Amino acid sequence: MVEHMTQEAPAVLAIEAVHKIFLASDQPVHALADTSFEVQKGQFVCLLGPSGCGKSTLLRIIAGLESASAGRVITRLHEGSSDPAVVFQDGGLFAWRTVEENISFGLQMQGVGRRERKAIAHDWINRVGLRGFEKAYPSQLSGGMRQRVALARGFASGNEILLMDEPFGALDAQTRAFMQEELLALWQEHQKTVLFVTHSIEEALLLGDRVAVMTGGPGRVNRWSEVPFERPRTPAIASSQEFVEMRDALWAQLRDEVVSSMQASA
Amino acid sequence: MTEVVTQAAQNLAKRRRFEARRDISLALLVPVVAMGVWELLSRSGELDARLFSMPSETAVELWNMIKDGDLVDDLAVTVVRLLVGFSLGAVVGVALGLALGASRVLRAALSPSLGALYAVPKIAFLPLLLLLFGLGETPLILITFLGSFFAMYVSTEAGVLMLDRSSREAGKIYGARGWRLFWYVLLPGSLPGIFSGMRIGAGLATTAIVAAEFVATDRGLGALIWRSWTLLQPPRMFVGIVTVAFLGAVFMQTIVWLERRVIPWRSEPRGPRARRFKRRRSS
């Protein structure tokens, strides 16, 4: 359930006591339990957790792709802004549309005219370094290029909230590092509100203002950490003492969780 | 260093041209050799030339039939029936496939019944159609329609259902709902399924019309083949068979050609054509 409110409020996104129950071969599975938190406007929030902890489910509920079994999701956006945009792990690009047409899809659905659409799309193609590939189809691009198109589509659609479901999860390590830098730069410039799901501690610390550790069975948001590094950030912070300490602390929390979930499934 | 690169590039290009020529040569060589062997076996008496008329005899008969206009008449009659029946089948099959692919309720209501009919050889409906409509064009067109419709329906439905979940969801996320989701996401996303259905449907439509023409009319390629049997004219019969083969091949290639125009994004299988496509793009 997604409601819109136009009154001034501190948080643009509020998750209130959300539960999700699945049926897995006729057995009810409590995938998310009593999850509540808020995200302030312009914040970059990371949900960190092992696979199967319910973080993608939570993101899909916020996106409106699945309904919550109980509780609610409230988005407070200024008028004219649309529902959250989503960047999927596999890009979710339309195979039958060129790079340019993929990026401008959201604008087309909002009724933006052809010429304006094209101008905005070209602007974004330049920003994500895909000049010369305007007319290419996704099947002609590498995995990293496809994710750049997906990012550009998310940003270009003009939505205030961006939801990202492990958008760099399927990329090789070098491309991934490069894409993280690109995302940092784009976010720095546009200050969108981002909810970013990942299982990589380093990625969460590099990108996020706040990091939530999620635990599974049933999934819940356990502990929040504020990430203190100054903006604009570069990947160089990863070698700082503070970064290493935070990484170890988050890993200590996650480790217990991974061990107990492995024992549960054994 | 650059010399190595140029040399290697030249070798690769040469290899490519060789492979392209080889593929075409092989495609032509196989039927030519087969007919040569046939000719020899007939002339030496190993094959009964009265039943298996020699390729040379068939060629002469073909030429005569083209000259006096018989063949063109029969071909034209069959082509019209084929195109009308197949077009009907394509329109209804694709529409039904899209509707059932998009709606679980419609699938639940219609899929089991359509599945049961799918297994029935469509030619089995010909007597019923003759009973209903009498001799004439209608039953022939309807049998072509029935023969090709199911393949196009099944393949279109599969095309919608196989469209990946994230494309569908991305459509919804970025604001496409209702008919716009259908028009901008489901329809273009299922074009590969639609076209593979049309390719199969083209073959089945050709099969259906020729089989129906055996018994339900005295005009058309099927009737030509059937008459040649009753009148003991094997050369005419082989002319009819060759013409049907030719018609089927042209029909199929037309759809493949159309597919390439309509679905430029589809990665093509390896082969001479795939290479031409790539080279054109990079230039």
# chains A, B, ... in the order shown; residues from 1 in each chain; ligands from 1
>>> interface_residues(of="chain B", to="chain A", cutoff="8 Å", atoms="only C-alpha atoms", output="PyMOL selection string")
chain B and resi 166-167+169-170+173-176+185+188-189+263+265-267
>>> write_last_selection(atoms="all heavy atoms", output="mmCIF file, in the first residue's frame")
data_model
loop_
_atom_site.group_PDB
_atom_site.id
_atom_site.type_symbol
_atom_site.label_atom_id
_atom_site.label_comp_id
_atom_site.auth_asym_id
_atom_site.auth_seq_id
_atom_site.Cartn_x
_atom_site.Cartn_y
_atom_site.Cartn_z
ATOM 1 N N SER B 166 11.437 -8.960 -14.937
ATOM 2 C CA SER B 166 11.915 -7.611 -14.635
ATOM 3 C C SER B 166 11.520 -6.609 -15.725
ATOM 4 O O SER B 166 11.309 -5.440 -15.420
ATOM 5 C CB SER B 166 13.421 -7.599 -14.366
ATOM 6 O OG SER B 166 14.130 -8.016 -15.481
ATOM 7 N N SER B 167 11.384 -7.035 -16.992
ATOM 8 C CA SER B 167 10.899 -6.106 -18.023
ATOM 9 C C SER B 167 9.468 -5.691 -17.714
ATOM 10 O O SER B 167 9.096 -4.523 -17.803
ATOM 11 C CB SER B 167 10.891 -6.753 -19.407
ATOM 12 O OG SER B 167 12.166 -7.079 -19.819
ATOM 13 N N GLU B 169 7.992 -5.758 -14.806
ATOM 14 C CA GLU B 169 7.955 -4.926 -13.602
ATOM 15 C C GLU B 169 8.501 -3.535 -13.878
ATOM 16 O O GLU B 169 7.980 -2.538 -13.350
ATOM 17 C CB GLU B 169 8.730 -5.611 -12.474
ATOM 18 C CG GLU B 169 8.012 -6.863 -12.001
ATOM 19 C CD GLU B 169 8.689 -7.543 -10.827
ATOM 20 O OE1 GLU B 169 9.882 -7.258 -10.564
ATOM 21 O OE2 GLU B 169 8.037 -8.362 -10.176
ATOM 22 N N ALA B 170 9.562 -3.464 -14.700
ATOM 23 C CA ALA B 170 10.095 -2.147 -15.046
ATOM 24 C C ALA B 170 9.021 -1.328 -15.755
ATOM 25 O O ALA B 170 8.901 -0.122 -15.540
ATOM 26 C CB ALA B 170 11.338 -2.292 -15.926
ATOM 27 N N ILE B 173 6.763 -0.052 -12.989
ATOM 28 C CA ILE B 173 7.466 0.926 -12.168
ATOM 29 C C ILE B 173 7.522 2.291 -12.853
ATOM 30 O O ILE B 173 7.317 3.323 -12.233
ATOM 31 C CB ILE B 173 8.923 0.444 -11.919
ATOM 32 C CG1 ILE B 173 8.927 -0.758 -10.997
ATOM 33 C CG2 ILE B 173 9.801 1.563 -11.400
ATOM 34 C CD1 ILE B 173 8.644 -0.436 -9.578
ATOM 35 N N TYR B 174 7.818 2.271 -14.166
ATOM 36 C CA TYR B 174 7.990 3.544 -14.860
ATOM 37 C C TYR B 174 6.680 4.042 -15.469
ATOM 38 O O TYR B 174 6.685 4.830 -16.404
ATOM 39 C CB TYR B 174 9.125 3.441 -15.881
ATOM 40 C CG TYR B 174 10.458 3.341 -15.183
ATOM 41 C CD1 TYR B 174 11.141 2.134 -15.110
ATOM 42 C CD2 TYR B 174 11.000 4.445 -14.532
ATOM 43 C CE1 TYR B 174 12.342 2.034 -14.421
ATOM 44 C CE2 TYR B 174 12.194 4.365 -13.850
ATOM 45 C CZ TYR B 174 12.858 3.156 -13.796
ATOM 46 O OH TYR B 174 14.034 3.062 -13.105
ATOM 47 N N GLY B 175 5.564 3.524 -14.955
ATOM 48 C CA GLY B 175 4.293 4.188 -15.229
ATOM 49 C C GLY B 175 3.414 3.592 -16.312
ATOM 50 O O GLY B 175 2.424 4.204 -16.688
ATOM 51 N N ALA B 176 3.754 2.409 -16.856
ATOM 52 C CA ALA B 176 2.896 1.803 -17.873
ATOM 53 C C ALA B 176 1.884 0.886 -17.194
ATOM 54 O O ALA B 176 2.268 -0.096 -16.573
ATOM 55 C CB ALA B 176 3.734 1.015 -18.884
ATOM 56 N N VAL B 185 4.981 -2.899 -23.615
ATOM 57 C CA VAL B 185 5.817 -3.933 -22.999
ATOM 58 C C VAL B 185 5.435 -5.339 -23.470
ATOM 59 O O VAL B 185 6.254 -6.038 -24.066
ATOM 60 C CB VAL B 185 5.764 -3.842 -21.457
ATOM 61 C CG1 VAL B 185 6.638 -4.923 -20.841
ATOM 62 C CG2 VAL B 185 6.230 -2.468 -20.984
ATOM 63 N N PRO B 188 5.542 -5.787 -27.723
ATOM 64 C CA PRO B 188 6.883 -5.881 -28.316
ATOM 65 C C PRO B 188 7.701 -7.011 -27.702
ATOM 66 O O PRO B 188 8.469 -7.664 -28.395
ATOM 67 C CB PRO B 188 7.518 -4.514 -28.026
ATOM 68 C CG PRO B 188 6.684 -3.891 -26.985
ATOM 69 C CD PRO B 188 5.312 -4.472 -27.111
ATOM 70 N N GLY B 189 7.505 -7.260 -26.398
ATOM 71 C CA GLY B 189 8.275 -8.318 -25.738
ATOM 72 C C GLY B 189 7.923 -9.703 -26.236
ATOM 73 O O GLY B 189 8.738 -10.620 -26.148
ATOM 74 N N ILE B 263 12.071 -7.246 -35.894
ATOM 75 C CA ILE B 263 12.777 -7.504 -34.635
ATOM 76 C C ILE B 263 14.268 -7.283 -34.817
ATOM 77 O O ILE B 263 15.041 -8.236 -34.776
ATOM 78 C CB ILE B 263 12.532 -8.949 -34.140
ATOM 79 C CG1 ILE B 263 11.050 -9.307 -34.282
ATOM 80 C CG2 ILE B 263 12.961 -9.105 -32.687
ATOM 81 C CD1 ILE B 263 10.702 -10.652 -33.704
ATOM 82 N N TRP B 265 16.339 -6.143 -32.827
ATOM 83 C CA TRP B 265 17.146 -6.255 -31.613
ATOM 84 C C TRP B 265 17.539 -7.689 -31.302
ATOM 85 O O TRP B 265 18.360 -7.954 -30.463
ATOM 86 C CB TRP B 265 16.369 -5.699 -30.423
ATOM 87 C CG TRP B 265 15.177 -6.523 -30.058
ATOM 88 C CD1 TRP B 265 15.177 -7.632 -29.257
ATOM 89 C CD2 TRP B 265 13.832 -6.315 -30.456
ATOM 90 N NE1 TRP B 265 13.898 -8.122 -29.150
ATOM 91 C CE2 TRP B 265 13.052 -7.333 -29.880
ATOM 92 C CE3 TRP B 265 13.199 -5.347 -31.254
ATOM 93 C CZ2 TRP B 265 11.671 -7.419 -30.063
ATOM 94 C CZ3 TRP B 265 11.843 -5.444 -31.435
ATOM 95 C CH2 TRP B 265 11.091 -6.464 -30.859
ATOM 96 N N ARG B 266 16.895 -8.649 -31.973
ATOM 97 C CA ARG B 266 17.104 -10.034 -31.620
ATOM 98 C C ARG B 266 18.486 -10.496 -32.062
ATOM 99 O O ARG B 266 18.881 -10.290 -33.197
ATOM 100 C CB ARG B 266 16.048 -10.885 -32.309
ATOM 101 C CG ARG B 266 15.825 -12.168 -31.579
ATOM 102 C CD ARG B 266 14.714 -12.919 -32.239
ATOM 103 N NE ARG B 266 14.370 -14.078 -31.428
ATOM 104 C CZ ARG B 266 13.601 -15.040 -31.855
ATOM 105 N NH1 ARG B 266 13.101 -14.991 -33.057
ATOM 106 N NH2 ARG B 266 13.319 -16.062 -31.079
ATOM 107 N N SER B 267 19.234 -11.130 -31.150
ATOM 108 C CA SER B 267 20.537 -11.661 -31.538
ATOM 109 C C SER B 267 20.307 -12.898 -32.393
ATOM 110 O O SER B 267 19.549 -13.780 -32.022
ATOM 111 C CB SER B 267 21.362 -12.003 -30.304
ATOM 112 O OG SER B 267 20.580 -12.713 -29.375
#
>>> residues_around(residues="B:Ala212", least_positions_apart="4", cutoff="7 Å", atoms="only C-alpha atoms", output="number ranges by chain")
B: 140, 208, 216
>>> select_by_dssp(residues="stretch 80-170 of chain A", states="strand (DSSP E or B)", output="VMD selection string")
chain A and resid 85 to 88 91 161 to 165
>>> closest_residue(among="A:Ala31, A:Ala156, A:Ile62, A:Leu163", to="A:His190", atoms="only C-alpha atoms")
A:Ala156
>>> residues_around(residues="B:Ile143", least_positions_apart="5", cutoff="12 Å", atoms="only C-alpha atoms", output="JSON list (two decimals) with all heavy atoms, in the first residue's frame")
[["chain", "number", "residue", "atom", "x", "y", "z"],
["B", 81, "ARG", "N", -5.81, -19.11, -51.37],
["B", 81, "ARG", "CA", -6.39, -19.83, -50.22],
["B", 81, "ARG", "C", -5.43, -19.82, -49.04],
["B", 81, "ARG", "O", -5.81, -19.59, -47.89],
["B", 81, "ARG", "CB", -6.67, -21.28, -50.60],
["B", 81, "ARG", "CG", -7.82, -21.43, -51.57],
["B", 81, "ARG", "CD", -7.85, -22.85, -52.12],
["B", 81, "ARG", "NE", -8.89, -23.01, -53.12],
["B", 81, "ARG", "CZ", -8.87, -23.93, -54.08],
["B", 81, "ARG", "NH1", -7.86, -24.78, -54.16],
["B", 81, "ARG", "NH2", -9.86, -24.01, -54.94],
["B", 82, "LEU", "N", -4.15, -20.07, -49.36],
["B", 82, "LEU", "CA", -3.13, -20.13, -48.32],
["B", 82, "LEU", "C", -3.01, -18.80, -47.59],
["B", 82, "LEU", "O", -3.01, -18.74, -46.35],
["B", 82, "LEU", "CB", -1.79, -20.50, -48.98],
["B", 82, "LEU", "CG", -0.59, -20.75, -48.08],
["B", 82, "LEU", "CD1", -0.87, -21.91, -47.16],
["B", 82, "LEU", "CD2", 0.65, -21.05, -48.93],
["B", 84, "VAL", "N", -5.14, -16.20, -47.45],
["B", 84, "VAL", "CA", -6.35, -15.80, -46.72],
["B", 84, "VAL", "C", -6.46, -16.62, -45.43],
["B", 84, "VAL", "O", -6.65, -16.07, -44.34],
["B", 84, "VAL", "CB", -7.61, -15.96, -47.59],
["B", 84, "VAL", "CG1", -8.86, -15.65, -46.78],
["B", 84, "VAL", "CG2", -7.53, -15.04, -48.81],
["B", 85, "GLY", "N", -6.30, -17.94, -45.54],
["B", 85, "GLY", "CA", -6.43, -18.82, -44.37],
["B", 85, "GLY", "C", -5.36, -18.53, -43.33],
["B", 85, "GLY", "O", -5.64, -18.42, -42.14],
["B", 86, "PHE", "N", -4.12, -18.35, -43.80],
["B", 86, "PHE", "CA", -3.02, -18.09, -42.88],
["B", 86, "PHE", "C", -3.19, -16.74, -42.19],
["B", 86, "PHE", "O", -2.96, -16.61, -40.98],
["B", 86, "PHE", "CB", -1.69, -18.13, -43.63],
["B", 86, "PHE", "CG", -0.50, -17.74, -42.81],
["B", 86, "PHE", "CD1", 0.12, -18.65, -41.97],
["B", 86, "PHE", "CD2", 0.01, -16.44, -42.86],
["B", 86, "PHE", "CE1", 1.21, -18.29, -41.20],
["B", 86, "PHE", "CE2", 1.10, -16.08, -42.09],
["B", 86, "PHE", "CZ", 1.69, -17.01, -41.26],
["B", 88, "LEU", "N", -5.97, -15.11, -41.55],
["B", 88, "LEU", "CA", -7.01, -15.29, -40.53],
["B", 88, "LEU", "C", -6.43, -15.97, -39.30],
["B", 88, "LEU", "O", -6.66, -15.55, -38.17],
["B", 88, "LEU", "CB", -8.14, -16.17, -41.09],
["B", 88, "LEU", "CG", -9.28, -15.50, -41.84],
["B", 88, "LEU", "CD1", -10.24, -16.57, -42.35],
["B", 88, "LEU", "CD2", -9.99, -14.53, -40.92],
["B", 89, "GLY", "N", -5.68, -17.04, -39.55],
["B", 89, "GLY", "CA", -5.06, -17.79, -38.44],
["B", 89, "GLY", "C", -4.12, -16.92, -37.64],
["B", 89, "GLY", "O", -4.10, -16.99, -36.41],
["B", 121, "PRO", "N", -5.71, -33.81, -35.35],
["B", 121, "PRO", "CA", -5.24, -33.41, -36.68],
["B", 121, "PRO", "C", -6.34, -32.57, -37.34],
["B", 121, "PRO", "O", -7.49, -33.01, -37.43],
["B", 121, "PRO", "CB", -5.05, -34.74, -37.42],
["B", 121, "PRO", "CG", -5.09, -35.79, -36.38],
["B", 121, "PRO", "CD", -5.86, -35.27, -35.22],
["B", 122, "LYS", "N", -5.99, -31.37, -37.78],
["B", 122, "LYS", "CA", -7.02, -30.43, -38.22],
["B", 122, "LYS", "C", -7.74, -30.91, -39.46],
["B", 122, "LYS", "O", -8.89, -30.56, -39.71],
["B", 122, "LYS", "CB", -6.42, -29.04, -38.46],
["B", 122, "LYS", "CG", -5.75, -28.43, -37.24],
["B", 122, "LYS", "CD", -6.58, -28.55, -36.00],
["B", 122, "LYS", "CE", -5.76, -28.31, -34.74],
["B", 122, "LYS", "NZ", -4.65, -29.27, -34.56],
["B", 123, "ILE", "N", -7.07, -31.75, -40.25],
["B", 123, "ILE", "CA", -7.70, -32.24, -41.47],
["B", 123, "ILE", "C", -8.93, -33.08, -41.13],
["B", 123, "ILE", "O", -9.83, -33.25, -41.95],
["B", 123, "ILE", "CB", -6.67, -33.04, -42.32],
["B", 123, "ILE", "CG1", -7.11, -33.14, -43.78],
["B", 123, "ILE", "CG2", -6.39, -34.40, -41.74],
["B", 123, "ILE", "CD1", -6.96, -31.86, -44.55],
["B", 124, "ALA", "N", -8.99, -33.57, -39.86],
["B", 124, "ALA", "CA", -10.15, -34.35, -39.42],
["B", 124, "ALA", "C", -11.43, -33.51, -39.42],
["B", 124, "ALA", "O", -12.53, -34.05, -39.41],
["B", 124, "ALA", "CB", -9.90, -34.92, -38.03],
["B", 125, "PHE", "N", -11.29, -32.20, -39.44],
["B", 125, "PHE", "CA", -12.46, -31.33, -39.46],
["B", 125, "PHE", "C", -12.99, -31.08, -40.87],
["B", 125, "PHE", "O", -14.04, -30.47, -41.05],
["B", 125, "PHE", "CB", -12.15, -29.97, -38.81],
["B", 125, "PHE", "CG", -11.93, -30.06, -37.33],
["B", 125, "PHE", "CD1", -10.67, -29.95, -36.78],
["B", 125, "PHE", "CD2", -13.01, -30.29, -36.47],
["B", 125, "PHE", "CE1", -10.47, -30.04, -35.42],
["B", 125, "PHE", "CE2", -12.82, -30.37, -35.11],
["B", 125, "PHE", "CZ", -11.54, -30.25, -34.59],
["B", 126, "LEU", "N", -12.23, -31.53, -41.88],
["B", 126, "LEU", "CA", -12.62, -31.22, -43.26],
["B", 126, "LEU", "C", -14.01, -31.76, -43.62],
["B", 126, "LEU", "O", -14.83, -31.01, -44.17],
["B", 126, "LEU", "CB", -11.56, -31.73, -44.24],
["B", 126, "LEU", "CG", -11.81, -31.35, -45.71],
["B", 126, "LEU", "CD1", -11.85, -29.85, -45.91],
["B", 126, "LEU", "CD2", -10.77, -31.97, -46.62],
["B", 127, "PRO", "N", -14.33, -33.04, -43.29],
["B", 127, "PRO", "CA", -15.68, -33.53, -43.61],
["B", 127, "PRO", "C", -16.77, -32.68, -42.98],
["B", 127, "PRO", "O", -17.77, -32.36, -43.63],
["B", 127, "PRO", "CB", -15.68, -34.95, -43.02],
["B", 127, "PRO", "CG", -14.26, -35.34, -42.99],
["B", 127, "PRO", "CD", -13.49, -34.09, -42.72],
["B", 128, "LEU", "N", -16.56, -32.28, -41.74],
["B", 128, "LEU", "CA", -17.54, -31.43, -41.06],
["B", 128, "LEU", "C", -17.71, -30.10, -41.79],
["B", 128, "LEU", "O", -18.83, -29.63, -42.02],
["B", 128, "LEU", "CB", -17.09, -31.18, -39.61],
["B", 128, "LEU", "CG", -17.99, -30.25, -38.81],
["B", 128, "LEU", "CD1", -19.37, -30.87, -38.59],
["B", 128, "LEU", "CD2", -17.35, -29.90, -37.46],
["B", 129, "LEU", "N", -16.57, -29.50, -42.19],
["B", 129, "LEU", "CA", -16.62, -28.21, -42.89],
["B", 129, "LEU", "C", -17.33, -28.36, -44.23],
["B", 129, "LEU", "O", -18.09, -27.48, -44.66],
["B", 129, "LEU", "CB", -15.21, -27.66, -43.09],
["B", 129, "LEU", "CG", -14.48, -27.24, -41.81],
["B", 129, "LEU", "CD1", -13.04, -26.85, -42.12],
["B", 129, "LEU", "CD2", -15.21, -26.08, -41.14],
["B", 130, "LEU", "N", -17.10, -29.49, -44.90],
["B", 130, "LEU", "CA", -17.77, -29.72, -46.19],
["B", 130, "LEU", "C", -19.27, -29.87, -45.99],
["B", 130, "LEU", "O", -20.07, -29.37, -46.78],
["B", 130, "LEU", "CB", -17.20, -30.97, -46.86],
["B", 130, "LEU", "CG", -15.77, -30.82, -47.39],
["B", 130, "LEU", "CD1", -15.23, -32.16, -47.87],
["B", 130, "LEU", "CD2", -15.72, -29.79, -48.51],
["B", 133, "PHE", "N", -20.49, -26.18, -45.22],
["B", 133, "PHE", "CA", -20.39, -25.13, -46.22],
["B", 133, "PHE", "C", -20.48, -25.64, -47.66],
["B", 133, "PHE", "O", -20.50, -24.85, -48.59],
["B", 133, "PHE", "CB", -19.08, -24.36, -46.04],
["B", 133, "PHE", "CG", -18.95, -23.72, -44.70],
["B", 133, "PHE", "CD1", -18.19, -24.31, -43.70],
["B", 133, "PHE", "CD2", -19.62, -22.53, -44.41],
["B", 133, "PHE", "CE1", -18.09, -23.71, -42.44],
["B", 133, "PHE", "CE2", -19.51, -21.94, -43.17],
["B", 133, "PHE", "CZ", -18.75, -22.54, -42.18],
["B", 137, "GLU", "N", -14.82, -22.46, -51.76],
["B", 137, "GLU", "CA", -13.60, -21.90, -51.17],
["B", 137, "GLU", "C", -13.64, -21.90, -49.65],
["B", 137, "GLU", "O", -12.61, -22.02, -48.99],
["B", 137, "GLU", "CB", -13.37, -20.48, -51.69],
["B", 137, "GLU", "CG", -13.06, -20.40, -53.19],
["B", 137, "GLU", "CD", -11.83, -21.21, -53.58],
["B", 137, "GLU", "OE1", -10.76, -20.95, -53.01],
["B", 137, "GLU", "OE2", -11.96, -22.12, -54.42],
["B", 138, "THR", "N", -14.84, -21.71, -49.08],
["B", 138, "THR", "CA", -14.93, -21.52, -47.63],
["B", 138, "THR", "C", -14.30, -22.66, -46.82],
["B", 138, "THR", "O", -13.46, -22.40, -45.96],
["B", 138, "THR", "CB", -16.40, -21.32, -47.21],
["B", 138, "THR", "OG1", -16.97, -20.35, -48.08],
["B", 138, "THR", "CG2", -16.50, -20.85, -45.78],
["B", 148, "SER", "N", -3.23, -23.62, -39.19],
["B", 148, "SER", "CA", -2.12, -22.75, -38.79],
["B", 148, "SER", "C", -2.40, -22.00, -37.49],
["B", 148, "SER", "O", -1.48, -21.57, -36.80],
["B", 148, "SER", "CB", -1.84, -21.74, -39.90],
["B", 148, "SER", "OG", -3.00, -20.99, -40.18],
["B", 149, "PHE", "N", -3.67, -21.85, -37.14],
["B", 149, "PHE", "CA", -4.06, -21.02, -36.02],
["B", 149, "PHE", "C", -3.45, -21.48, -34.68],
["B", 149, "PHE", "O", -2.91, -20.69, -33.92],
["B", 149, "PHE", "CB", -5.59, -20.98, -35.94],
["B", 149, "PHE", "CG", -6.16, -20.79, -34.58],
["B", 149, "PHE", "CD1", -6.23, -19.53, -34.02],
["B", 149, "PHE", "CD2", -6.60, -21.88, -33.83],
["B", 149, "PHE", "CE1", -6.75, -19.35, -32.76],
["B", 149, "PHE", "CE2", -7.10, -21.71, -32.57],
["B", 149, "PHE", "CZ", -7.18, -20.45, -32.02],
["B", 150, "PHE", "N", -3.53, -22.79, -34.41],
["B", 150, "PHE", "CA", -3.12, -23.28, -33.09],
["B", 150, "PHE", "C", -1.64, -23.02, -32.79],
["B", 150, "PHE", "O", -1.30, -22.59, -31.70],
["B", 150, "PHE", "CB", -3.43, -24.78, -32.96],
["B", 150, "PHE", "CG", -4.87, -25.04, -32.65],
["B", 150, "PHE", "CD1", -5.76, -25.32, -33.67],
["B", 150, "PHE", "CD2", -5.33, -24.98, -31.35],
["B", 150, "PHE", "CE1", -7.10, -25.55, -33.39],
["B", 150, "PHE", "CE2", -6.67, -25.20, -31.07],
["B", 150, "PHE", "CZ", -7.56, -25.49, -32.09],
["B", 204, "LEU", "N", 2.54, -25.35, -41.51],
["B", 204, "LEU", "CA", 1.32, -26.12, -41.25],
["B", 204, "LEU", "C", 0.18, -25.69, -42.17],
["B", 204, "LEU", "O", -0.61, -26.52, -42.62],
["B", 204, "LEU", "CB", 0.89, -25.93, -39.79],
["B", 204, "LEU", "CG", 1.82, -26.59, -38.76],
["B", 204, "LEU", "CD1", 1.42, -26.19, -37.34],
["B", 204, "LEU", "CD2", 1.80, -28.10, -38.92],
["B", 205, "ALA", "N", 0.11, -24.40, -42.48],
["B", 205, "ALA", "CA", -0.93, -23.91, -43.39],
["B", 205, "ALA", "C", -0.75, -24.52, -44.77],
["B", 205, "ALA", "O", -1.72, -24.94, -45.42],
["B", 205, "ALA", "CB", -0.87, -22.38, -43.47],
["B", 206, "THR", "N", 0.51, -24.60, -45.23],
["B", 206, "THR", "CA", 0.79, -25.18, -46.54],
["B", 206, "THR", "C", 0.38, -26.66, -46.56],
["B", 206, "THR", "O", -0.28, -27.13, -47.50],
["B", 206, "THR", "CB", 2.28, -25.04, -46.88],
["B", 206, "THR", "OG1", 2.67, -23.69, -46.61],
["B", 206, "THR", "CG2", 2.54, -25.35, -48.33],
["B", 207, "THR", "N", 0.75, -27.37, -45.50],
["B", 207, "THR", "CA", 0.36, -28.78, -45.38],
["B", 207, "THR", "C", -1.16, -28.93, -45.44],
["B", 207, "THR", "O", -1.69, -29.77, -46.18],
["B", 207, "THR", "CB", 0.86, -29.35, -44.04],
["B", 207, "THR", "OG1", 2.22, -29.01, -43.89],
["B", 207, "THR", "CG2", 0.69, -30.85, -43.99],
["B", 208, "ALA", "N", -1.85, -28.10, -44.67],
["B", 208, "ALA", "CA", -3.31, -28.23, -44.56],
["B", 208, "ALA", "C", -3.99, -27.97, -45.90],
["B", 208, "ALA", "O", -4.87, -28.73, -46.31],
["B", 208, "ALA", "CB", -3.83, -27.26, -43.50],
["B", 209, "ILE", "N", -3.58, -26.92, -46.61],
["B", 209, "ILE", "CA", -4.31, -26.58, -47.85],
["B", 209, "ILE", "C", -4.07, -27.64, -48.92],
["B", 209, "ILE", "O", -4.99, -28.04, -49.64],
["B", 209, "ILE", "CB", -3.97, -25.15, -48.36],
["B", 209, "ILE", "CG1", -4.86, -24.78, -49.54],
["B", 209, "ILE", "CG2", -2.52, -24.99, -48.74],
["B", 209, "ILE", "CD1", -6.33, -24.83, -49.23],
["B", 210, "VAL", "N", -2.83, -28.16, -49.02],
["B", 210, "VAL", "CA", -2.56, -29.17, -50.05],
["B", 210, "VAL", "C", -3.35, -30.44, -49.75],
["B", 210, "VAL", "O", -3.96, -31.04, -50.65],
["B", 210, "VAL", "CB", -1.04, -29.45, -50.13],
["B", 210, "VAL", "CG1", -0.78, -30.64, -51.05],
["B", 210, "VAL", "CG2", -0.31, -28.22, -50.65],
["B", 211, "ALA", "N", -3.39, -30.84, -48.48],
["B", 211, "ALA", "CA", -4.13, -32.05, -48.11],
["B", 211, "ALA", "C", -5.62, -31.87, -48.42],
["B", 211, "ALA", "O", -6.26, -32.77, -48.96],
["B", 211, "ALA", "CB", -3.92, -32.36, -46.63],
["B", 212, "ALA", "N", -6.17, -30.69, -48.10],
["B", 212, "ALA", "CA", -7.60, -30.47, -48.33],
["B", 212, "ALA", "C", -7.92, -30.43, -49.83],
["B", 212, "ALA", "O", -8.98, -30.89, -50.25],
["B", 212, "ALA", "CB", -8.03, -29.16, -47.66],
["B", 213, "GLU", "N", -6.97, -29.90, -50.60],
["B", 213, "GLU", "CA", -7.20, -29.81, -52.05],
["B", 213, "GLU", "C", -7.20, -31.18, -52.73],
["B", 213, "GLU", "O", -7.71, -31.32, -53.84],
["B", 213, "GLU", "CB", -6.12, -28.91, -52.70],
["B", 213, "GLU", "CG", -6.38, -27.43, -52.50],
["B", 213, "GLU", "CD", -5.25, -26.56, -53.04],
["B", 213, "GLU", "OE1", -4.16, -27.10, -53.34],
["B", 213, "GLU", "OE2", -5.44, -25.35, -53.17],
["B", 216, "ALA", "N", -11.23, -31.99, -51.86],
["B", 216, "ALA", "CA", -12.38, -31.09, -51.77],
["B", 216, "ALA", "C", -12.48, -30.09, -52.90],
["B", 216, "ALA", "O", -13.26, -29.14, -52.83],
["B", 216, "ALA", "CB", -12.35, -30.36, -50.43]]
>>> select_by_dssp(residues="stretch 6-138 of chain B", states="alpha helix (DSSP H)", output="PyMOL selection string")
chain B and resi 6-43+55-67+70-102+104-118+126-133+137-138
>>> closest_residue(among="A:Ala33, A:Val45, A:Ser56, A:Ala14", to="A:Arg72", atoms="only C-alpha atoms")
A:Ala14
>>> residues_around(residues="B:Arg199", least_positions_apart="4", cutoff="8 Å", atoms="only C-alpha atoms", output="VMD selection string")
chain B and resid 195 203 252 255 to 256
>>> write_last_selection(atoms="C-alpha atoms", output="tab-separated table (two decimals), in the first residue's frame")
chain	number	residue	atom	x	y	z
B	195	PHE	CA	7.22	-14.83	-35.20
B	203	GLY	CA	4.49	-24.75	-42.82
B	252	MET	CA	8.88	-19.32	-44.95
B	255	ILE	CA	8.34	-14.52	-42.83
B	256	VAL	CA	12.01	-14.80	-41.86
>>> atom_distance(atom1="atom CA of A:Leu195", atom2="atom CA of A:Met164")
6.2 Å
>>> residues_around(residues="A:Glu66", least_positions_apart="6", cutoff="12 Å", atoms="only C-alpha atoms", output="PyMOL selection string")
(chain A and resi 1-2+18-22+56-60+72-73) or (chain B and resi 169+172-173)
